[in-house]
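Engineer: Starting off with a structure, shown below.
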Amino acid sequence: MTSPAGNTLVPVSPESLARAAALLQRDEVCAFPTETVYGLGGSALSPAAIERIYALKGRPKYNPLIVHVADAVAAAQLAGGWPAVAQRLADRFWPGPLTLVVPRGAAVPALVSAGRPTMALRVPAHPVALALLRTARLPLAAPSANRSESVSPTTAAHVLRSLPAVPLILDGGPCPLGIESTVVDLTTAPPRLLRSGALPLRELLALLPDLELPAAAQSLGAESADQTARAAPGMLSRHYAPRAPLWLLGPAQLALTPAQLAALAPPRGLLTYEPLPELAAHFHRVEQLSSDPQAFAADLYAALHRLDDAGVGSIAALTPPPDLDWHAIADRLRRAAFR
Ligand code: TXA
Ligand code: MG
């Protein structure tokens, strides 16, 4: 598969991994799968590569990047300090969808962290990401491989559509978790949850009971995307947004009034985790995902991409249940709906 710019999406093989690693070593970039979403990677030690990542994504320069490494030893070496709690979390959750914010080490360009004295680190659990890290022998700065503010890519085809100028995309199939890593700031006492994500919050809280949740996390029903954004520096309120405007349907809106229906531009898309046949009758395209939150998360971005591809004029999404297991999904849908 080739993009209009003549760039390639290639299956994973020893040859394509070597090509990708060679690009990275020349301070160029490539896209690769992780267990969460596809990343747009470049050497975290190269200001030129980091500049390229920001430029390709159209990402504001104040939004810092996550540095991916092959193991916790490499993470501790790059960091400017490695607290005991970081090691405990790494022992329990790495490789995996947890990103730790710690002091930035002297070898790491300030540009990676948008000038902050801190840095974000994670060891991804995807075999292709790990193989690339080991082949390139570099820490990789890698944000999600999509244009800033749009829906994150969970397949190589999503990357190609969003970022056709990426020189190489390693196609490792769909990402199994489908939602970004959980980000925890360990530079504050108590530690703070900066971004809810693929790591089940229950498991994180079991190890880190004093973890400070953003205000929106404590009362899930509250429409406080803004507060979540402020608690997570560099995180934009409007984010993860499909092309079509997305509206969240509360429990009271399952029977839409004619005025509410009229406000939803046709053709209408519905995103739900329950059948709701009466409501669904008003929609042209219905994405009914699993009622299991992990399975729902795995398909959420792909479903938003499918709705966009179908050319819907609006999307109504059922508000997730106010339950810890739906926490990250509720966060993403709130941000997708923010305008
Ligand atoms: O699952 C993921 O984390 C994916 C894959 C590719 O690993 N990456 C990802 O990157 O989602 P990105 O750039 O889309 O999101 C990075 C998040 C942002 O919310 C950013 O503000 C936060 O991490 N972050 C990075 N460095 C930080 C720092 N030093 N302090 C606070 N937040 C930081
Ligand atoms: Mg992103």
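Residue numbers start at 1 in each chain; chains themselves are named A, B, ... in the order of the structure tokens; ligands are numbered from 1 in the order shown.
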Select the residues contacting ligand 2 at a distance of at most 8 Å, based on only C-alpha atoms and all ligand atoms, then format the selection as a VMD selection string.

Structural biologist: chain A and resid 143 to 146 148 to 149 151 to 152 180 239 to 240

Engineer: How would you report the residues lying within 7 Å of ligand 1, as number ranges by chain, if you count only C-alpha atoms and all ligand atoms?

Structural biologist: A: 34, 36-40, 63-66, 97, 99, 101, 113, 116, 118-120, 124, 142-144, 179-183, 185, 194-195, 232-235

Engineer: Quick check for you: according to DSSP on this backbone, which residues of range 90-339 of chain A are classed as helix (DSSP H, G or I)? Reply as a ChimeraX atom specification.

Structural biologist: /A:90-93,110-113,127-136,156-162,201-207,215-218,225-231,251-253,258-263,277-280,293-309,324-337

Engineer: Using only C-alpha atoms for the distances, tell me which of A:Ser43, A:Thr319, A:Thr8, A:Thr272 is nearest to Ala252 in chain A.

Structural biologist: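 Closest to Ala252 in chain A, using only C-alpha atoms: A:Thr319.
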
Engineer: Quick one: everything within 12 Å of Arg92 in chain A, counting only C-alpha atoms, minus sequence neighbours fewer than 5 positions away in the same chain. Send it as number ranges by chain.

Structural biologist: A: 72, 85-87, 97-98, 123, 199, 203-204, 206-208

Engineer: Using N, CA and C atoms, can you export the residues from the last selection as a PDB file, in the first residue's frame?

Structural biologist:
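See out-v1.pdb below for the written result:
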ATOM      1  N   ALA A  72      13.245  -0.981  31.971  1.00  0.00           N
ATOM      2  CA  ALA A  72      13.272  -0.022  33.081  1.00  0.00           C
ATOM      3  C   ALA A  72      14.689   0.469  33.365  1.00  0.00           C
ATOM      4  N   VAL A  85       9.283   4.671  43.919  1.00  0.00           N
ATOM      5  CA  VAL A  85       7.918   4.391  43.449  1.00  0.00           C
ATOM      6  C   VAL A  85       7.919   4.133  41.938  1.00  0.00           C
ATOM      7  N   ALA A  86       8.827   4.771  41.209  1.00  0.00           N
ATOM      8  CA  ALA A  86       8.937   4.526  39.759  1.00  0.00           C
ATOM      9  C   ALA A  86       9.365   3.084  39.526  1.00  0.00           C
ATOM     10  N   GLN A  87      10.328   2.627  40.295  1.00  0.00           N
ATOM     11  CA  GLN A  87      10.800   1.250  40.128  1.00  0.00           C
ATOM     12  C   GLN A  87       9.695   0.248  40.471  1.00  0.00           C
ATOM     13  N   PRO A  97       1.021  -0.340  29.326  1.00  0.00           N
ATOM     14  CA  PRO A  97       0.471   0.970  28.967  1.00  0.00           C
ATOM     15  C   PRO A  97       0.486   1.981  30.108  1.00  0.00           C
ATOM     16  N   LEU A  98       1.637   2.116  30.764  1.00  0.00           N
ATOM     17  CA  LEU A  98       1.772   3.107  31.828  1.00  0.00           C
ATOM     18  C   LEU A  98       2.962   4.008  31.511  1.00  0.00           C
ATOM     19  N   VAL A 123       7.786   1.797  28.729  1.00  0.00           N
ATOM     20  CA  VAL A 123       8.259   0.612  28.013  1.00  0.00           C
ATOM     21  C   VAL A 123       7.023  -0.039  27.388  1.00  0.00           C
ATOM     22  N   LEU A 199      -4.252   1.392  31.064  1.00  0.00           N
ATOM     23  CA  LEU A 199      -4.014   0.607  32.287  1.00  0.00           C
ATOM     24  C   LEU A 199      -5.236   0.741  33.189  1.00  0.00           C
ATOM     25  N   GLU A 203      -6.270  -1.221  39.000  1.00  0.00           N
ATOM     26  CA  GLU A 203      -4.971  -1.876  39.251  1.00  0.00           C
ATOM     27  C   GLU A 203      -3.930  -0.861  39.684  1.00  0.00           C
ATOM     28  N   LEU A 204      -3.988   0.319  39.073  1.00  0.00           N
ATOM     29  CA  LEU A 204      -3.035   1.374  39.417  1.00  0.00           C
ATOM     30  C   LEU A 204      -3.274   1.847  40.852  1.00  0.00           C
ATOM     31  N   ALA A 206      -4.512   0.203  43.254  1.00  0.00           N
ATOM     32  CA  ALA A 206      -4.146  -0.838  44.215  1.00  0.00           C
ATOM     33  C   ALA A 206      -2.680  -0.671  44.628  1.00  0.00           C
ATOM     34  N   LEU A 207      -1.845  -0.222  43.677  1.00  0.00           N
ATOM     35  CA  LEU A 207      -0.427  -0.058  43.990  1.00  0.00           C
ATOM     36  C   LEU A 207      -0.112   1.351  44.461  1.00  0.00           C
ATOM     37  N   LEU A 208      -0.964   2.294  44.064  1.00  0.00           N
ATOM     38  CA  LEU A 208      -0.699   3.711  44.323  1.00  0.00           C
ATOM     39  C   LEU A 208      -1.956   4.337  44.932  1.00  0.00           C
TER      40      LEU A 208
END

Engineer: As a VMD selection string, please: all residues of range 88-330 of chain A that backbone DSSP puts in strand (DSSP E or B).

Structural biologist: chain A and resid 98 to 104 118 to 122 140 to 141 144 150 168 to 171 182 to 185 192 to 195 212 241 246 to 249 268 to 272 285 to 288 314 to 318

Engineer: Identify, on the basis of only C-alpha atoms, every residue whose closest approach to range 284-298 of chain A does not exceed 8 Å; exclude the query and any residue fewer than 5 positions from it along the same chain; express the result as a list in words.

Structural biologist: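 Selected residues are Cys175, Pro176, Leu177, Gly178, Ile179, Pro266, Pro267, Arg268, Gly269, Leu270, Leu271, Thr272, Tyr273, Glu274, Pro275, Ala303, Leu307, Val312, Asp325, Trp326 and Ile329 of chain A.
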
Engineer: Selection from above, N, CA and C atoms, as a short mmCIF file (atom, residue, chain, number, x, y, z; two decimals), in the first residue's frame, can you write it?

Structural biologist:
data_model
loop_
_atom_site.label_atom_id
_atom_site.label_comp_id
_atom_site.auth_asym_id
_atom_site.auth_seq_id
_atom_site.Cartn_x
_atom_site.Cartn_y
_atom_site.Cartn_z
N CYS A 175 -3.89 -2.34 16.93
CA CYS A 175 -3.35 -2.27 18.29
C CYS A 175 -4.31 -2.96 19.25
N PRO A 176 -3.82 -3.87 20.08
CA PRO A 176 -4.73 -4.65 20.91
C PRO A 176 -5.51 -3.85 21.97
N LEU A 177 -4.92 -2.80 22.55
CA LEU A 177 -5.64 -2.07 23.61
C LEU A 177 -6.46 -0.92 23.05
N GLY A 178 -5.96 -0.24 22.01
CA GLY A 178 -6.77 0.72 21.27
C GLY A 178 -6.95 2.08 21.91
N ILE A 179 -6.37 2.32 23.06
CA ILE A 179 -6.50 3.63 23.73
C ILE A 179 -5.13 3.92 24.35
N PRO A 266 -27.62 15.15 9.49
CA PRO A 266 -27.60 13.87 8.81
C PRO A 266 -26.43 13.80 7.80
N PRO A 267 -26.02 12.60 7.40
CA PRO A 267 -26.42 11.33 8.00
C PRO A 267 -25.85 11.19 9.41
N ARG A 268 -26.69 10.64 10.33
CA ARG A 268 -26.31 10.58 11.74
C ARG A 268 -25.66 9.26 12.10
N GLY A 269 -24.60 9.37 12.90
CA GLY A 269 -23.94 8.17 13.40
C GLY A 269 -24.21 8.01 14.89
N LEU A 270 -24.38 6.76 15.33
CA LEU A 270 -24.59 6.48 16.75
C LEU A 270 -23.51 5.54 17.24
N LEU A 271 -22.92 5.90 18.39
CA LEU A 271 -21.91 5.04 19.01
C LEU A 271 -22.47 4.60 20.35
N THR A 272 -22.63 3.29 20.53
CA THR A 272 -23.30 2.82 21.73
C THR A 272 -22.71 1.50 22.22
N TYR A 273 -22.98 1.18 23.49
CA TYR A 273 -22.56 -0.11 24.03
C TYR A 273 -23.77 -0.94 24.43
N GLU A 274 -24.96 -0.44 24.04
CA GLU A 274 -26.21 -1.14 24.30
C GLU A 274 -27.02 -1.15 23.02
N PRO A 275 -27.93 -2.11 22.83
CA PRO A 275 -28.68 -2.16 21.56
C PRO A 275 -29.55 -0.92 21.29
N ALA A 303 -13.90 2.68 15.55
CA ALA A 303 -15.31 2.98 15.27
C ALA A 303 -15.48 4.44 14.86
N LEU A 307 -16.97 5.76 11.32
CA LEU A 307 -18.07 6.72 11.19
C LEU A 307 -17.64 7.89 10.29
N VAL A 312 -20.54 10.50 7.97
CA VAL A 312 -21.63 11.00 8.81
C VAL A 312 -21.46 12.50 9.07
N ASP A 325 -14.07 1.47 35.64
CA ASP A 325 -13.60 0.71 34.48
C ASP A 325 -13.82 1.45 33.16
N TRP A 326 -14.72 2.44 33.17
CA TRP A 326 -15.02 3.21 31.95
C TRP A 326 -14.33 4.58 31.97
N ILE A 329 -12.40 5.85 28.86
CA ILE A 329 -13.32 6.01 27.72
C ILE A 329 -14.14 7.28 27.90
#

Engineer: Looking at only C-alpha atoms, which of A:Ile169, A:Ala263, A:Ala157, A:Ala74 is the one that sits closest to Ala302 in chain A?

Structural biologist: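 The shortest atom-to-atom distance to Ala302 in chain A comes from A:Ala157.
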
Engineer: I'd like to know which of A:Leu133, A:Val102, A:Ala18, A:Val112 is closest to Val69 in chain A, using only C-alpha atoms.

Structural biologist: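 When distances to Val69 in chain A are compared using only C-alpha atoms, the smallest one comes from A:Leu133.
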
Engineer: Using Å and a single decimal, report how far CA of Leu211 in chain A sits from CA of Val184 in chain A.

Structural biologist: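 For CA of Val184 in chain A relative to CA of Leu211 in chain A, the distance reads 8.5 Å.
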
Engineer: Rank nothing, just name the residue among A:Pro322, A:Pro167, A:Gly105, A:Pro83 nearest to Thr187 in chain A, using only C-alpha atoms.

Structural biologist: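 For Thr187 in chain A, the nearest of the candidates is A:Pro83.
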
Engineer: Counting only C-alpha atoms, which residue out of A:Ile315, A:Leu304, A:Ala330, A:Ala31 sits closest to Val159 in chain A?

Structural biologist: A:Ala31

Engineer: Using only C-alpha atoms, which residue out of A:Leu201, A:Ala156, A:Ala136, A:Ala110 lies closest to Gln25 in chain A?

Structural biologist: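 Going through A:Leu201, A:Ala156, A:Ala136, A:Ala110 one by one, the smallest distance to Gln25 in chain A is for A:Ala136.
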
Engineer: For Ala49 in chain A, list every protein, DNA or RNA residue within 7 Å, evaluated using only C-alpha atoms, and leave out those in the same chain fewer than 3 positions away; present the list as a PyMOL selection string.

Structural biologist: chain A and resi 27-29+42-43+46+52-53

Engineer: Please report the interatomic distance between CA of Leu324 in chain A and CA of His305 in chain A in Å with one decimal.

Structural biologist: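 So the two atoms, CA of Leu324 in chain A and CA of His305 in chain A, lie 25.4 Å apart.
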